[in-house]
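Structure file model33.csv; described as CSV, C-alpha atoms and all ligand atoms.
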chain,number,residue,atom,x,y,z
A,1,MET,CA,9.4,-27.3,-16.0
A,2,SER,CA,9.2,-29.4,-12.9
A,3,ASP,CA,8.1,-33.0,-12.5
A,4,PHE,CA,7.0,-32.3,-8.9
A,5,ALA,CA,3.4,-31.9,-8.0
A,6,PHE,CA,4.1,-28.9,-5.7
A,7,VAL,CA,7.0,-26.6,-6.3
A,8,PRO,CA,7.7,-23.9,-3.7
A,9,LYS,CA,7.0,-20.4,-5.0
A,10,HIS,CA,9.6,-19.0,-2.7
A,11,LEU,CA,12.8,-20.9,-1.9
A,12,GLY,CA,15.4,-19.7,0.7
A,13,LEU,CA,19.0,-21.0,0.6
A,14,ILE,CA,21.1,-20.7,3.7
A,15,MET,CA,24.3,-21.5,1.9
A,16,ASP,CA,26.5,-22.8,4.7
A,17,GLY,CA,29.6,-24.9,4.8
A,18,ASN,CA,31.8,-23.1,2.3
A,19,GLY,CA,34.7,-22.8,4.7
A,20,ARG,CA,34.6,-26.4,5.8
A,21,TRP,CA,34.3,-27.6,2.2
A,22,ALA,CA,37.6,-25.8,1.4
A,23,LEU,CA,39.4,-27.0,4.5
A,24,SER,CA,38.3,-30.6,3.8
A,25,HIS,CA,40.0,-30.3,0.4
A,26,GLY,CA,43.2,-28.8,1.8
A,27,LEU,CA,42.3,-25.3,0.4
A,28,PRO,CA,42.0,-21.9,2.1
A,29,ARG,CA,38.5,-21.0,3.3
A,30,THR,CA,38.4,-18.3,0.7
A,31,ASP,CA,38.4,-20.9,-2.1
A,32,GLY,CA,35.2,-22.3,-0.6
A,33,HIS,CA,33.5,-19.0,-0.9
A,34,THR,CA,34.5,-18.7,-4.6
A,35,ARG,CA,33.0,-22.2,-5.2
A,36,GLY,CA,30.0,-21.2,-3.2
A,37,MET,CA,29.4,-18.2,-5.4
A,38,VAL,CA,29.6,-20.3,-8.6
A,39,ASN,CA,27.3,-22.9,-7.1
A,40,MET,CA,24.8,-20.3,-6.0
A,41,ILE,CA,24.4,-19.1,-9.6
A,42,SER,CA,23.9,-22.7,-10.8
A,43,VAL,CA,21.6,-23.9,-8.0
A,44,ALA,CA,19.4,-20.8,-8.2
A,45,SER,CA,19.2,-21.1,-12.0
A,46,HIS,CA,18.1,-24.7,-11.7
A,47,ALA,CA,15.5,-23.7,-9.1
A,48,PHE,CA,14.0,-21.2,-11.6
A,49,ASP,CA,14.0,-24.0,-14.3
A,50,MET,CA,12.1,-26.1,-11.9
A,51,GLY,CA,9.3,-23.5,-11.6
A,52,VAL,CA,10.4,-21.6,-8.4
A,53,LYS,CA,9.4,-17.9,-8.7
A,54,THR,CA,11.5,-16.3,-6.0
A,55,VAL,CA,14.9,-17.5,-4.7
A,56,THR,CA,16.4,-15.8,-1.6
A,57,CYS,CA,20.0,-16.5,-1.0
A,58,TYR,CA,21.8,-15.8,2.3
A,59,SER,CA,25.2,-14.7,1.1
A,60,MET,CA,26.5,-12.9,4.2
A,61,SER,CA,25.0,-12.1,7.6
A,62,THR,CA,25.8,-8.9,9.5
A,63,GLU,CA,27.5,-11.2,12.1
A,64,ASN,CA,29.7,-12.6,9.3
A,65,LEU,CA,31.1,-9.0,8.8
A,66,ASN,CA,33.0,-9.6,12.1
A,67,ARG,CA,35.1,-12.4,10.6
A,68,GLU,CA,38.7,-11.8,9.7
A,69,LYS,CA,39.1,-8.9,7.3
A,70,SER,CA,40.8,-11.0,4.7
A,71,GLU,CA,37.8,-13.4,4.6
A,72,VAL,CA,35.2,-10.6,4.5
A,73,ASP,CA,37.1,-8.8,1.8
A,74,HIS,CA,37.3,-11.9,-0.3
A,75,ILE,CA,33.6,-12.6,0.0
A,76,LEU,CA,32.8,-9.1,-1.0
A,77,SER,CA,35.3,-9.1,-3.9
A,78,LEU,CA,33.2,-11.9,-5.4
A,79,VAL,CA,30.4,-9.5,-6.1
A,80,ILE,CA,32.7,-7.7,-8.5
A,81,LYS,CA,34.5,-10.8,-9.9
A,82,TYR,CA,31.2,-12.6,-10.7
A,83,PHE,CA,29.3,-9.5,-11.9
A,84,ASP,CA,29.2,-10.7,-15.5
A,85,PRO,CA,28.5,-14.4,-14.9
A,86,PHE,CA,25.7,-13.4,-12.5
A,87,LEU,CA,24.1,-11.0,-15.0
A,88,GLU,CA,24.5,-13.5,-17.8
A,89,ALA,CA,22.8,-16.4,-15.9
A,90,PHE,CA,19.9,-14.4,-14.7
A,91,ARG,CA,19.4,-12.4,-17.9
A,92,GLN,CA,19.1,-15.7,-19.7
A,93,LYS,CA,16.4,-16.8,-17.2
A,94,ARG,CA,14.7,-13.4,-17.3
A,95,VAL,CA,15.1,-12.9,-13.5
A,96,CYS,CA,15.4,-9.6,-11.7
A,97,ALA,CA,17.7,-9.2,-8.8
A,98,LYS,CA,17.4,-7.4,-5.5
A,99,PHE,CA,19.9,-7.0,-2.7
A,100,VAL,CA,18.7,-6.8,0.9
A,101,GLY,CA,20.6,-6.1,4.1
A,102,GLN,CA,22.5,-3.2,5.7
A,103,LEU,CA,24.1,-2.3,2.4
A,104,GLU,CA,25.3,1.0,3.9
A,105,LEU,CA,27.9,-1.1,5.8
A,106,LEU,CA,29.5,-2.2,2.6
A,107,PRO,CA,32.4,-0.4,0.8
A,108,GLU,CA,31.2,2.1,-1.9
A,109,GLU,CA,32.5,0.1,-4.9
A,110,ILE,CA,30.6,-3.0,-3.7
A,111,ARG,CA,27.4,-1.0,-3.3
A,112,ALA,CA,27.9,0.5,-6.7
A,113,SER,CA,28.3,-3.0,-8.3
A,114,LEU,CA,25.1,-4.3,-6.5
A,115,LYS,CA,23.2,-1.3,-7.8
A,116,ARG,CA,24.4,-1.8,-11.3
A,117,THR,CA,23.4,-5.5,-11.2
A,118,GLU,CA,19.9,-4.5,-10.0
A,119,GLU,CA,19.6,-1.9,-12.8
A,120,GLN,CA,20.8,-4.3,-15.5
A,121,LEU,CA,18.1,-6.8,-14.6
A,122,LYS,CA,15.3,-4.3,-13.8
A,123,GLU,CA,13.7,-4.9,-17.2
A,124,PHE,CA,12.5,-8.3,-15.9
A,125,GLU,CA,10.9,-6.9,-12.8
A,126,ASP,CA,7.3,-7.5,-13.9
A,127,LEU,CA,7.9,-11.0,-15.2
A,128,GLY,CA,7.4,-12.6,-11.8
A,129,ARG,CA,10.9,-14.1,-11.2
A,130,THR,CA,13.2,-12.6,-8.6
A,131,ILE,CA,16.5,-13.5,-6.9
A,132,TYR,CA,17.0,-11.8,-3.6
A,133,ILE,CA,20.5,-11.8,-2.2
A,134,ALA,CA,20.8,-11.1,1.5
A,135,ILE,CA,24.1,-9.5,2.2
A,136,ALA,CA,25.2,-7.8,5.4
A,137,TYR,CA,21.7,-9.0,6.5
A,138,GLY,CA,20.3,-9.9,9.9
A,139,SER,CA,16.6,-10.6,10.5
A,140,ARG,CA,16.5,-9.0,13.9
A,141,THR,CA,17.9,-5.7,12.6
A,142,GLU,CA,15.4,-5.9,9.7
A,143,ILE,CA,12.5,-6.3,12.1
A,144,VAL,CA,13.6,-3.5,14.4
A,145,ASN,CA,14.3,-1.1,11.4
A,146,THR,CA,10.8,-1.9,10.0
A,147,VAL,CA,9.2,-1.2,13.4
A,148,ASN,CA,11.0,2.1,13.6
A,149,SER,CA,10.1,3.2,10.0
A,150,LEU,CA,6.4,2.4,10.8
A,151,ILE,CA,6.6,4.3,14.1
A,152,GLU,CA,7.8,7.3,12.2
A,153,LYS,CA,4.6,7.2,10.1
A,154,GLY,CA,2.8,7.4,13.4
A,155,LYS,CA,-0.1,4.9,13.0
A,156,ALA,CA,-1.0,1.5,14.4
A,157,VAL,CA,0.2,-1.2,12.1
A,158,THR,CA,-1.4,-4.4,10.9
A,159,GLU,CA,0.5,-7.6,10.1
A,160,GLN,CA,0.0,-6.7,6.5
A,161,ASP,CA,1.4,-3.2,6.9
A,162,PHE,CA,4.4,-4.7,8.7
A,163,GLN,CA,5.1,-7.4,6.2
A,164,SER,CA,4.9,-5.1,3.2
A,165,SER,CA,7.4,-2.8,4.9
A,166,LEU,CA,10.0,-5.5,5.3
A,167,SER,CA,13.0,-5.6,3.0
A,168,LEU,CA,11.8,-9.0,1.8
A,169,PRO,CA,8.0,-8.7,1.9
A,170,HIS,CA,7.2,-12.3,0.9
A,171,ASN,CA,6.6,-15.5,3.0
A,172,LEU,CA,9.1,-18.3,2.4
A,173,ASP,CA,7.8,-21.7,1.4
A,174,LEU,CA,10.9,-23.8,1.6
A,175,VAL,CA,14.2,-23.0,3.3
A,176,ILE,CA,17.2,-25.3,2.6
A,177,ARG,CA,20.2,-25.0,4.9
A,178,THR,CA,23.4,-26.8,3.8
A,179,GLY,CA,26.4,-27.5,6.0
A,180,GLY,CA,24.9,-29.8,8.6
A,181,GLU,CA,23.6,-27.2,11.1
A,182,SER,CA,19.8,-27.1,12.0
A,183,ARG,CA,19.3,-23.4,12.7
A,184,LEU,CA,18.2,-20.3,10.9
A,185,SER,CA,21.1,-18.0,12.0
A,186,ASN,CA,19.1,-14.8,11.7
A,187,PHE,CA,17.6,-15.6,8.3
A,188,PHE,CA,14.3,-13.9,7.7
A,189,LEU,CA,12.7,-15.0,11.0
A,190,TYR,CA,9.3,-13.3,10.3
A,191,GLN,CA,9.1,-14.5,6.7
A,192,CYS,CA,9.9,-18.1,7.7
A,193,ALA,CA,6.9,-18.4,10.1
A,194,TYR,CA,5.3,-21.2,8.0
A,195,ALA,CA,8.3,-22.3,5.9
A,196,GLU,CA,9.2,-25.9,5.5
A,197,LEU,CA,12.8,-26.4,6.8
A,198,TYR,CA,15.1,-28.8,5.0
A,199,PHE,CA,18.6,-29.5,6.4
A,200,SER,CA,21.3,-31.1,4.3
A,201,ASP,CA,24.7,-32.4,5.6
A,202,LYS,CA,26.3,-31.4,2.3
A,203,PHE,CA,28.6,-28.4,2.3
A,204,PHE,CA,27.1,-25.8,0.0
A,205,PRO,CA,29.7,-26.3,-2.9
A,206,ASP,CA,28.6,-30.0,-3.0
A,207,PHE,CA,24.9,-29.2,-3.0
A,208,GLY,CA,24.1,-29.3,-6.7
A,209,GLU,CA,21.1,-29.8,-9.0
A,210,ARG,CA,20.5,-33.4,-7.9
A,211,GLU,CA,20.5,-32.4,-4.2
A,212,LEU,CA,18.1,-29.5,-5.0
A,213,ASP,CA,15.7,-31.9,-6.8
A,214,GLU,CA,15.8,-34.2,-3.7
A,215,ALA,CA,14.8,-31.3,-1.5
A,216,LEU,CA,12.0,-30.3,-4.0
A,217,GLU,CA,10.7,-33.8,-4.0
A,218,TRP,CA,10.7,-33.8,-0.2
A,219,TYR,CA,8.8,-30.5,-0.2
A,220,ALA,CA,6.2,-31.9,-2.6
A,221,GLY,CA,5.3,-34.5,0.0
A,222,ARG,CA,4.8,-32.1,2.8
A,223,SER,CA,1.3,-31.4,4.2
A,224,ARG,CA,1.1,-27.6,4.8
A,225,ARG,CA,-1.6,-27.1,7.4
A,226,TYR,CA,-1.1,-23.5,8.6
A,227,GLY,CA,-2.7,-24.5,11.9
A,228,LEU,CA,-5.7,-26.2,10.4
A,229,VAL,CA,-6.7,-29.9,10.4
A,230,LYS,CA,-6.4,-31.5,7.0
A,301,LIG,C1,28.7,-19.9,4.5
A,301,LIG,O1,29.9,-20.6,4.7
A,301,LIG,C2,29.0,-18.6,3.8
A,301,LIG,C3,29.1,-17.4,4.8
A,301,LIG,C4,28.8,-17.5,6.0
A,301,LIG,C5,29.7,-16.2,4.3
A,301,LIG,P1,30.8,-20.5,6.0
A,301,LIG,O2,31.9,-19.6,5.7
A,301,LIG,O3,30.0,-20.2,7.2
A,301,LIG,O4,31.4,-22.0,6.1
A,301,LIG,P2,31.6,-22.9,7.3
A,301,LIG,O5,30.2,-23.0,8.0
A,301,LIG,O6,32.6,-22.2,8.2
A,301,LIG,O7,32.0,-24.2,6.8
A,302,LIG,C1,24.8,-18.4,8.2
A,302,LIG,O1,26.0,-19.2,8.3
A,302,LIG,C2,25.0,-17.3,7.2
A,302,LIG,C3,25.2,-17.6,5.8
A,302,LIG,C4,25.1,-18.8,5.3
A,302,LIG,C5,25.5,-16.5,4.9
A,302,LIG,P1,27.0,-19.0,9.5
A,302,LIG,O2,28.1,-20.0,9.3
A,302,LIG,O3,27.3,-17.6,9.7
A,302,LIG,O4,26.0,-19.4,10.8
A,302,LIG,P2,26.4,-20.0,12.2
A,302,LIG,O5,27.5,-19.1,12.7
A,302,LIG,O6,26.8,-21.4,12.0
A,302,LIG,O7,25.1,-19.9,13.0
A,303,MG,MG,29.0,-21.5,8.6
Target encoding C-alpha cells, full file:
Amino acid sequence: MSDFAFVPKHLGLIMDGNGRWALSHGLPRTDGHTRGMVNMISVASHAFDMGVKTVTCYSMSTENLNREKSEVDHILSLVIKYFDPFLEAFRQKRVCAKFVGQLELLPEEIRASLKRTEEQLKEFEDLGRTIYIAIAYGSRTEIVNTVNSLIEKGKAVTEQDFQSSLSLPHNLDLVIRTGGESRLSNFFLYQCAYAELYFSDKFFPDFGERELDEALEWYAGRSRRYGLVK
C-alpha cells in the first residue's frame, strides 16, 4: 500500500509520446505503441498497488483512427496480441476491465476480444477496482451521445442523471499526461472538471513506476478546494 497521505481514487493516464519515443530510438512508430502497451499494463498495475481504485487509460482517440491505416491496424492488433498478459496482470490484482468509446467503429474481431476481456475479469466487478480503457473515444461525442440518450427518455435531467449516463460515470482526481503536451485532447472533459492535471515531458514508454510515484507525491501535496476557501 502507498506511503502517500492522499492517493487519488481515480487516476487518468493520457499515454502520449509513443511515436516520438520510437523515432528517438531509430525505430518505427509502431514499436513505440507496442512498448506503450506493455508499459500501460505495468504502470496501471503499480497504480493499483499504490491504492488507486480506478485507472482510466486513453489508448486511442476517435481522431487517432484517422492516422495511417498501418499505424491504426498495429495499435488495434495489440488488443489481441496482449490479451493474455493483460488478463494475467489484472486477474492477479483482482481488477475488472471496461472498454469505453465508439467500439462500433472497431473491426469485429477486436470488439470480440474486448468483450472477452471484460467477461474474463467480470468476477472482480464488485471488489472496487476497475481499469477503464478508452479506445476510439472522444469526449465531445460521449457528451453529445449522452444528451441524446437522455432526450429520448424525455425528461429534464440533473447533473447527477447526466453524469450517471456517461460511459465513464466517475470524476477523475488526477490526470497524468506524458509526452510533453499540456492539453486534454478530448479526454473525459466533463469528468475532469476538478481533476488535478500533471504533465510530464517523458514519452509514455519511459514513464515507469518511479515517475508514477513522483506524480502521486505531487498529488498528495495539492490542496483540492472545489471552489471553497480552505
Ligand atoms: C500516443 O502516442 C498513443 C496514441 C495516440 C495512439 P502517439 O502515437 O500520439 O505518440 P506521439 O505523440 O506521436 O509521439
Ligand atoms: C492523445 O494523444 C490521445 C492518446 C494519448 C490516446 P494525441 O497524440 O492524439 O493528441 P494530440 O494530437 O497531440 O492532441
Ligand atoms: Mg501524440
message = What does the list of residues within 10 Å of ligand LIG 301 (chain A) look like if you count only C-alpha atoms and all ligand atoms, written as an NGL selection string?
response = :A and (14-24 or 29-30 or 32-33 or 36-37 or 58-65 or 67 or 71-72 or 74-76 or 135-136 or 177-181 or 185 or 203-205)
key: Among listed residues A:Arg183, A:Lys230, A:Lys81, A:Lys53, nearest ligand LIG 302 (chain A) (using only C-alpha atoms and all ligand atoms)   = A:Arg183
message = Need the shell around region 162-174 of chain A: protein/DNA/RNA residues with any atom at most 7 Å away, counting all atoms listed in the file. Skip same-chain ones fewer than 2 positions apart. Format as a VMD selection string?
response = chain A and resid 8 to 12 100 142 146 157 to 160 176 191 to 192 195 to 197
request  = Check the smallest atom-to-atom distance from each of A:Lys202, A:Lys155, A:Arg116, A:Arg140 to Phe86 (chain A) using only C-alpha atoms, then report the winner.
outcome  =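 Once distances to Phe86 (chain A) are computed over only C-alpha atoms, the minimum belongs to A:Arg116.
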key: Interatomic distance (Å, one decimal) between CA of Leu106 (chain A) and CA of Ser70 (chain A)   =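 Interatomic distance here is 14.5 Å.
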N, CA and C atoms restored at region 160-183 of chain A, emitted as a JSON list (two decimals), in the coordinates of the input:
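Final output, saved to selection-v1.json:
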[["chain", "number", "residue", "atom", "x", "y", "z"],
["A", 160, "GLN", "N", -0.24, -6.99, 7.89],
["A", 160, "GLN", "CA", 0.00, -6.70, 6.50],
["A", 160, "GLN", "C", 0.86, -5.53, 6.21],
["A", 161, "ASP", "N", 0.58, -4.44, 6.96],
["A", 161, "ASP", "CA", 1.40, -3.20, 6.90],
["A", 161, "ASP", "C", 2.88, -3.62, 7.17],
["A", 162, "PHE", "N", 3.01, -4.39, 8.27],
["A", 162, "PHE", "CA", 4.40, -4.70, 8.70],
["A", 162, "PHE", "C", 5.08, -5.54, 7.67],
["A", 163, "GLN", "N", 4.41, -6.58, 7.19],
["A", 163, "GLN", "CA", 5.10, -7.40, 6.20],
["A", 163, "GLN", "C", 5.45, -6.68, 4.95],
["A", 164, "SER", "N", 4.54, -5.83, 4.47],
["A", 164, "SER", "CA", 4.90, -5.10, 3.20],
["A", 164, "SER", "C", 5.97, -4.11, 3.40],
["A", 165, "SER", "N", 6.28, -3.76, 4.65],
["A", 165, "SER", "CA", 7.40, -2.80, 4.90],
["A", 165, "SER", "C", 8.73, -3.50, 5.09],
["A", 166, "LEU", "N", 8.72, -4.82, 5.18],
["A", 166, "LEU", "CA", 10.00, -5.50, 5.30],
["A", 166, "LEU", "C", 10.84, -5.45, 4.06],
["A", 167, "SER", "N", 12.14, -5.65, 4.21],
["A", 167, "SER", "CA", 13.00, -5.60, 3.00],
["A", 167, "SER", "C", 12.69, -6.74, 2.07],
["A", 168, "LEU", "N", 12.23, -7.86, 2.62],
["A", 168, "LEU", "CA", 11.80, -9.00, 1.80],
["A", 168, "LEU", "C", 10.31, -9.21, 2.21],
["A", 169, "PRO", "N", 9.37, -8.66, 1.45],
["A", 169, "PRO", "CA", 8.00, -8.70, 1.90],
["A", 169, "PRO", "C", 7.21, -9.94, 1.54],
["A", 170, "HIS", "N", 7.89, -11.07, 1.39],
["A", 170, "HIS", "CA", 7.20, -12.30, 0.90],
["A", 170, "HIS", "C", 7.47, -13.45, 1.89],
["A", 171, "ASN", "N", 6.47, -14.28, 2.12],
["A", 171, "ASN", "CA", 6.60, -15.50, 3.00],
["A", 171, "ASN", "C", 7.52, -16.49, 2.24],
["A", 172, "LEU", "N", 8.35, -17.17, 2.99],
["A", 172, "LEU", "CA", 9.10, -18.30, 2.40],
["A", 172, "LEU", "C", 8.34, -19.55, 2.46],
["A", 173, "ASP", "N", 8.45, -20.39, 1.43],
["A", 173, "ASP", "CA", 7.80, -21.70, 1.40],
["A", 173, "ASP", "C", 8.70, -22.81, 1.86],
["A", 174, "LEU", "N", 9.90, -22.77, 1.32],
["A", 174, "LEU", "CA", 10.90, -23.80, 1.60],
["A", 174, "LEU", "C", 12.23, -23.14, 1.89],
["A", 175, "VAL", "N", 12.87, -23.52, 3.00],
["A", 175, "VAL", "CA", 14.20, -23.00, 3.30],
["A", 175, "VAL", "C", 15.14, -24.24, 3.35],
["A", 176, "ILE", "N", 16.19, -24.19, 2.56],
["A", 176, "ILE", "CA", 17.20, -25.30, 2.60],
["A", 176, "ILE", "C", 18.43, -24.71, 3.27],
["A", 177, "ARG", "N", 18.92, -25.40, 4.29],
["A", 177, "ARG", "CA", 20.20, -25.00, 4.90],
["A", 177, "ARG", "C", 21.18, -26.16, 4.65],
["A", 178, "THR", "N", 22.30, -25.84, 4.02],
["A", 178, "THR", "CA", 23.40, -26.80, 3.80],
["A", 178, "THR", "C", 24.35, -26.72, 4.97],
["A", 179, "GLY", "N", 25.29, -27.65, 5.03],
["A", 179, "GLY", "CA", 26.40, -27.50, 6.00],
["A", 179, "GLY", "C", 26.17, -28.23, 7.32],
["A", 180, "GLY", "N", 25.03, -28.92, 7.46],
["A", 180, "GLY", "CA", 24.90, -29.80, 8.60],
["A", 180, "GLY", "C", 24.28, -29.13, 9.88],
["A", 181, "GLU", "N", 24.11, -27.82, 9.90],
["A", 181, "GLU", "CA", 23.60, -27.20, 11.10],
["A", 181, "GLU", "C", 22.04, -27.04, 10.94],
["A", 182, "SER", "N", 21.31, -27.24, 12.05],
["A", 182, "SER", "CA", 19.80, -27.10, 12.00],
["A", 182, "SER", "C", 19.41, -25.85, 12.70],
["A", 183, "ARG", "N", 19.75, -24.73, 12.12],
["A", 183, "ARG", "CA", 19.30, -23.40, 12.70],
["A", 183, "ARG", "C", 19.16, -22.42, 11.58]]
